[in-house]
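Below is one structure, written out as structure tokens; the observations come after it.
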There are 2 protein chains.
Amino acid sequence: MNERLTAVYELPGPAAEAERAARLIAFEETVEVPLDFPLPPAIRDGIVGRVGAVTPVDGGRLRAEIEFPAALAAGGLGTLLNLIFGNASIWPGVRLVDVRLPDALLASYPGPSFGVPGLRQMLGVEGRPLLATALKPMGSSPAELAATAAAFARGGGDIAKDDQNIVDADFASFKERVARIADAVLAENARAKRLCLYLPHLSGPQQELEARLKFVLKLGLRGVLVCPAIVGLDEVRRLSAKHPAVYMAHPAFSGAFYADRSHGMETSLYLGTLTRLIGADVSVFPNAGGRFAFTRAECRGIAARARAPLGALAPAWPAPGGGMRLDNAADMAEDFGEDAVWLVGGSLLMQPGGPEAGARAFRAALAPAHRRGDV
Amino acid sequence: MNERLTAVYELPGPAAEAERAARLIAFEETVEVPLDFPLPPAIRDGIVGRVGAVTPVDGGRLRAEIEFPAALAAGGLGTLLNLIFGNASIWPGVRLVDVRLPDALLASYPGPSFGVPGLRQMLGVEGRPLLATALKPMGSSPAELAATAAAFARGGGDIAKDDQNIVDADFASFKERVARIADAVLAENARAKRLCLYLPHLSGPQQELEARLKFVLKLGLRGVLVCPAIVGLDEVRRLSAKHPAVYMAHPAFSGAFYADRSHGMETSLYLGTLTRLIGADVSVFPNAGGRFAFTRAECRGIAARARAPLGALAPAWPAPGGGMRLDNAADMAEDFGEDAVWLVGGSLLMQPGGPEAGARAFRAALAPAHRRGDV
């Protein structure tokens with residue numbers, strides 16, 4: 001693989017300082033020696049990153065493109081993360097904003113098992129966003145969570161996922177809880193002759209994750225909720241490649257990468273591109289107007305990257321969540337269009353009439369002009 | 001487990017705002033419902049975090065203690081990370097600065113296999129810091145890296161580790177390279193009748209990590225270098241519990257957690273406590289005065305947490321690296337004392353006379369008053 005990949009960093013100005021920082025990063029992420037180290041020409045020319053365009057952006061910062069040999073990232077996702085944001089993650093003021101990978105490298109990532117078209121086909125839903133909710137609160141009994149999930153399914157919901165705070169102390173508790181909720185949702189599906197997914201939270205000790213996943217799939221469920229920053233990005237990639245299923249990614253524990261806009265990684269690069277690269281079919285992120293400080297432009301950026309052309313990878317579903325109410329449905333439709341999952345937790349569960357009425361109300365709100373009578 | 005664990009967050013002021021944020025975090029990290037959600041009393045009292053003391057610290061910020069039921073983190077490291085810094089990681093301005101775990105919970109983490117006393121015993125070195133170097137630059141042949149490692153061992157070095165940028169495209173290349181370097185170092189050890197460790201970089205596709213680790217240990221090597229933020233924190237915990245060995249942790253890809261001091265996680269909590277909790281015997285971090293913006297106080301803080309009492313876990317070795325020169329050895333000795341690994345890369349490799357002379361010079365500098373003639 002003689003091709004090159006490009007990483008784009010936003011750096012503090014002035015321009016001369018940004019150019020110097022870019023040269024240091026090009027060294028740091030490859031040979032990691034002082035600039036005056038006596039490097040052999042083959043290494044200096046063939047390994048060290050090459051600094052390309054350095055261009056001003058808003059706020060007095062600059063964007064620097066650095067090209068690296070793609071072969072340095074050919075050993076899997078870990079080698080890619082190490083190369084583009086290993087030690088650079090520790091530099092104050094450095095924000096990784098874009099990565100462009102050659103197709104030969106992208107081809108080593110299977111990406112989402114289903115993505116937008118596959119999940120539409122599975123659910124038999126066209127022409128409208130999907131409606132998801134979170135089963136909560138933590139501390140509820142399996143029977144209570146099962147009742148919530150069944151009511152949501154009855155109301156026309158598409159995806160009932162465990163809240164990511166729902167964890168189980170051991171495998172036996174996981175089995176009991178998940179089987180109980182699965183029974184309730186699968187019974188609703190059989191009755192209504194439609195499909196509402198139940199996605200249990202895949203968490204637990206690392207050595208049990210795969211066995212828990214197999215248990216879930218054996219129950220007849222079609223996928224899981226998973227927190228890649230907790231479980232490990234490459235572990236999700238490994239699991240999704242080995243066990244094709246619906247993987248809904250949750251951003252828990254990843255916020256330090258993007259919560260402060262002056263360093264880390266561009267929000268949409270993490271929650272749009274990276275999450276999709278590891279095989280997530282759906283990427284959950286905090287919606288603008290909710291409890292977190294995301295702007296509408298940032299949220300649209302995540303959605304754009306989740307669905308943009310990326311090698312042969314299927315487009316993934318953006319799943320804005322948090323702060324979503326019936327009265328801002330128009331904003332949601334405008335920001336995310338049809339190919340989005342509306343993840344509505346508290347405000348759906350708290351609707352008068354409960355989760356069933358909540359699901360009906362949000363189903364009516366999410367795309368009134370496009371209803372195809374699929375319920 | 002009826003005990004409680006305490007997480008301490010630094011939050012923006014004023015005090016009333018910090019108290020409000022603390023209450024929201026206590027909800028967010030457990031039940032994750034709006035404050036007016038009709039929670040059953042058993043959940044409100046038994047699950048939701050309890051906000052304790054909120055006290056001012058420097059810079060107009062405040063520290064808030066939140067107690068959570070320890071049982072919520074009893075399902076492994078993932079449940080702990082999710083509970084104390086799941087969605088909280090996404091809140092702007094929130095910095096997790098301390099975690100206090102009850103002994104019953106700490107007991108589920110074996111911690112370092114060797115730590116300070118075990119590694120001293122293995123190496124037969126008392127009364128001085130250890131000297132480590134990084135094999136580099138990326139792009140060097142296995143023979144060149146082997147020659148560097150052997151020279152470093154001849155000069156009296158204690159730990160030759162792969163630079164964390166050294167990665168291998170496939171298992172066959174990994175085997176060839178690691179075996180070549182191991183041969184060179186083990187031959188030096190046999191000749192000199194002393195032990196210099198060679199720690200290969202354990203990286204690669206997730207599904208190969210354990211096989212690569214087994215290959216390393218089968219060669220007669222005693223451990224590995226690993227990047228927990230890339231490989232996954234709980235994956236390192238799993239591997240170190242299953243294959244006791246020397247694990248040297250490198251901070252690549254973790255910097256976004258602590259590089260900006262206004263949010264994320266306290267540097268010493270990540271690189272001192274968390275790294276040790278997952279079983280790292282040695283924790284590498286960027287030293288003050290190097291290329292990264294760490295202060296001497298922060299570095300001393302990392303060292304303190306790596307070695308402080310923590311349940312029954314062995315103390316771990318702080319390994320400051322970067323910007324370490326012969327002329328600042330006195331500062332190093334003052335900051336870190338005897339129980340530290342001095343990780344010296346470029347300035348050792350670039351010594352006149354090469355890595356062997358470099359190792360001799362740093363060995364002489366690191367503790368001239370304490371030499372016990374162990375070479």
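Scheme for the structure tokens: letters A, B, ... for chains in order shown; per-chain residue numbers from 1; ligand numbers from 1 in order shown.
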
Chain B contacts to chain A at 6 Å (only C-alpha atoms) as JSON, numbers by chain: {"B": [31, 33, 43, 74, 75, 76, 78, 85, 86, 87, 89, 90, 91, 92, 137, 138, 139, 169, 204, 205, 206, 230, 232, 234, 252, 253, 255, 256, 257, 259, 264, 292, 346]}

Set the distance at 7 Å and use only C-alpha atoms: which residues neighbour Val282 of chain A once local chain neighbours fewer than 6 positions away are removed? I'd like the list as a compact mmCIF listing (two decimals) with C-alpha atoms, in the first residue's frame.
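Output file result01.txt is given in full below:
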# COMPACT_ATOMS: atom_id res chain seq x y z
CA TYR A 247 -25.25 -2.13 16.68
CA MET A 248 -26.50 1.09 18.21
CA ALA A 249 -23.57 3.10 19.58
CA ALA A 316 -25.39 4.88 9.36
CA TRP A 317 -28.38 6.34 11.16
CA PRO A 318 -27.84 9.48 13.20
CA ALA A 319 -29.83 9.19 16.43

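Minimum distance to Ser268 of chain B across B:Asp98, B:Asp335, B:Asp45, B:Glu10 (counting only C-alpha atoms) occurs at B:Asp98.
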
Residue list (helix (DSSP H, G or I), DSSP) for segment 78-133 of chain A, as a ChimeraX atom specification: /A:78-85,87-90,103-106,115-123

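Reported to one decimal place, the separation of atom CA of Arg177 of chain A from atom CA of Ile66 of chain B is 27.9 Å.
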
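When only C-alpha atoms are used to compute distances to Pro244 of chain A, the closest of the residues A:Glu65, A:Glu338, A:Asp331, A:Asp281 turns out to be A:Asp281.
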
Distance query Leu62 of chain B at most 7 Å, only C-alpha atoms, self and fewer than 3 positions along chain excluded, as number ranges by chain: B: 10-13, 15, 18, 54-57

File dump, residues just selected, C-alpha atoms, as a compact mmCIF listing (two decimals), in the first residue's frame:
# COMPACT_ATOMS: atom_id res chain seq x y z
CA GLU B 10 -14.81 20.01 39.66
CA LEU B 11 -17.52 22.27 38.27
CA PRO B 12 -17.85 25.88 37.12
CA GLY B 13 -19.17 28.36 39.63
CA ALA B 15 -21.74 27.87 44.01
CA ALA B 18 -22.28 24.06 40.76
CA VAL B 54 -19.67 21.35 47.48
CA THR B 55 -16.57 23.38 48.26
CA PRO B 56 -14.74 26.17 46.45
CA VAL B 57 -11.34 25.57 44.88

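For Leu135 of chain A, the residues within 8 Å (counting only C-alpha atoms, excluding itself and residues fewer than 4 positions away along the chain) are Leu145, Thr148, Ala149, Ala160, Lys161, Asp162, Asp163 and Gly345 of chain A.
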
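Coordinates place atom CA of Val216 of chain A at a distance of 7.6 Å from atom CA of Pro200 of chain A.
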
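The list of residues with at least one atom within 10 Å of Thr6 of chain A, based on only C-alpha atoms and without residues fewer than 4 positions apart in the same chain, reads Gly49, Arg50, Val51, Gly52, Glu65, Ile66, Glu67, Phe68, Pro69, Ala70, Ile84, Asp98, Val99, Arg100, Leu101 and Pro102 of chain A.
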
Backbone-only DSSP, strand (DSSP E or B) members of segment 225-360 of chain A, as a VMD selection string: chain A and resid 225 to 226 246 to 249 264 to 265 282 to 286 310 312 317 to 321 341 to 343

Would you output that residue set with N, CA and C atoms, as a PDB file, in the first residue's frame?
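part-v7.pdb, freshly written:
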ATOM      1  N   LEU A 225     -27.335  -2.365  22.101  1.00  0.00           N
ATOM      2  CA  LEU A 225     -26.782  -1.047  22.377  1.00  0.00           C
ATOM      3  C   LEU A 225     -25.395  -1.265  22.965  1.00  0.00           C
ATOM      4  N   VAL A 226     -24.434  -0.434  22.562  1.00  0.00           N
ATOM      5  CA  VAL A 226     -23.074  -0.608  23.081  1.00  0.00           C
ATOM      6  C   VAL A 226     -22.409   0.760  23.212  1.00  0.00           C
ATOM      7  N   VAL A 246     -27.582  -5.494  14.477  1.00  0.00           N
ATOM      8  CA  VAL A 246     -27.788  -4.055  14.591  1.00  0.00           C
ATOM      9  C   VAL A 246     -27.009  -3.556  15.812  1.00  0.00           C
ATOM     10  N   TYR A 247     -26.018  -2.716  15.587  1.00  0.00           N
ATOM     11  CA  TYR A 247     -25.245  -2.125  16.681  1.00  0.00           C
ATOM     12  C   TYR A 247     -25.617  -0.651  16.792  1.00  0.00           C
ATOM     13  N   MET A 248     -26.157  -0.297  17.934  1.00  0.00           N
ATOM     14  CA  MET A 248     -26.501   1.094  18.209  1.00  0.00           C
ATOM     15  C   MET A 248     -25.447   1.610  19.184  1.00  0.00           C
ATOM     16  N   ALA A 249     -24.680   2.604  18.762  1.00  0.00           N
ATOM     17  CA  ALA A 249     -23.569   3.097  19.584  1.00  0.00           C
ATOM     18  C   ALA A 249     -24.022   4.248  20.462  1.00  0.00           C
ATOM     19  N   GLY A 264      -8.949  17.946  21.217  1.00  0.00           N
ATOM     20  CA  GLY A 264      -9.609  16.656  21.082  1.00  0.00           C
ATOM     21  C   GLY A 264      -9.929  16.329  19.636  1.00  0.00           C
ATOM     22  N   MET A 265     -11.133  15.865  19.405  1.00  0.00           N
ATOM     23  CA  MET A 265     -11.513  15.407  18.077  1.00  0.00           C
ATOM     24  C   MET A 265     -12.839  16.055  17.707  1.00  0.00           C
ATOM     25  N   VAL A 282     -26.273   2.627  14.018  1.00  0.00           N
ATOM     26  CA  VAL A 282     -26.966   3.797  14.564  1.00  0.00           C
ATOM     27  C   VAL A 282     -26.006   4.477  15.540  1.00  0.00           C
ATOM     28  N   SER A 283     -25.877   5.797  15.440  1.00  0.00           N
ATOM     29  CA  SER A 283     -25.001   6.531  16.359  1.00  0.00           C
ATOM     30  C   SER A 283     -25.806   7.541  17.166  1.00  0.00           C
ATOM     31  N   VAL A 284     -25.872   7.292  18.458  1.00  0.00           N
ATOM     32  CA  VAL A 284     -26.598   8.188  19.356  1.00  0.00           C
ATOM     33  C   VAL A 284     -25.724   9.392  19.699  1.00  0.00           C
ATOM     34  N   PHE A 285     -26.326  10.575  19.717  1.00  0.00           N
ATOM     35  CA  PHE A 285     -25.596  11.773  20.165  1.00  0.00           C
ATOM     36  C   PHE A 285     -26.575  12.741  20.800  1.00  0.00           C
ATOM     37  N   PRO A 286     -26.060  13.626  21.644  1.00  0.00           N
ATOM     38  CA  PRO A 286     -26.936  14.571  22.347  1.00  0.00           C
ATOM     39  C   PRO A 286     -27.448  15.638  21.384  1.00  0.00           C
ATOM     40  N   LEU A 310     -18.518   6.923   2.096  1.00  0.00           N
ATOM     41  CA  LEU A 310     -17.304   6.548   2.829  1.00  0.00           C
ATOM     42  C   LEU A 310     -16.908   5.158   2.335  1.00  0.00           C
ATOM     43  N   ALA A 312     -17.026   1.823   0.622  1.00  0.00           N
ATOM     44  CA  ALA A 312     -18.222   1.025   0.328  1.00  0.00           C
ATOM     45  C   ALA A 312     -19.084   0.836   1.576  1.00  0.00           C
ATOM     46  N   TRP A 317     -27.291   5.489  10.694  1.00  0.00           N
ATOM     47  CA  TRP A 317     -28.385   6.345  11.155  1.00  0.00           C
ATOM     48  C   TRP A 317     -27.896   7.288  12.250  1.00  0.00           C
ATOM     49  N   PRO A 318     -28.047   8.581  12.060  1.00  0.00           N
ATOM     50  CA  PRO A 318     -27.838   9.483  13.199  1.00  0.00           C
ATOM     51  C   PRO A 318     -29.030   9.355  14.148  1.00  0.00           C
ATOM     52  N   ALA A 319     -28.751   9.339  15.442  1.00  0.00           N
ATOM     53  CA  ALA A 319     -29.831   9.189  16.431  1.00  0.00           C
ATOM     54  C   ALA A 319     -29.722  10.282  17.483  1.00  0.00           C
ATOM     55  N   PRO A 320     -30.220  11.488  17.152  1.00  0.00           N
ATOM     56  CA  PRO A 320     -30.209  12.560  18.141  1.00  0.00           C
ATOM     57  C   PRO A 320     -31.113  12.194  19.318  1.00  0.00           C
ATOM     58  N   GLY A 321     -30.633  12.468  20.518  1.00  0.00           N
ATOM     59  CA  GLY A 321     -31.417  12.166  21.711  1.00  0.00           C
ATOM     60  C   GLY A 321     -31.227  13.245  22.749  1.00  0.00           C
ATOM     61  N   VAL A 341     -32.893   8.425  13.389  1.00  0.00           N
ATOM     62  CA  VAL A 341     -33.617   7.784  14.491  1.00  0.00           C
ATOM     63  C   VAL A 341     -33.874   8.854  15.540  1.00  0.00           C
ATOM     64  N   TRP A 342     -35.121   9.088  15.862  1.00  0.00           N
ATOM     65  CA  TRP A 342     -35.448  10.031  16.930  1.00  0.00           C
ATOM     66  C   TRP A 342     -35.448   9.254  18.239  1.00  0.00           C
ATOM     67  N   LEU A 343     -34.477   9.578  19.060  1.00  0.00           N
ATOM     68  CA  LEU A 343     -34.373   8.877  20.340  1.00  0.00           C
ATOM     69  C   LEU A 343     -35.012   9.744  21.421  1.00  0.00           C
TER      70      LEU A 343
END

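The gap separating atom CA of Phe362 of chain A from atom CA of Leu326 of chain A is 6.6 Å, in Å to one decimal.
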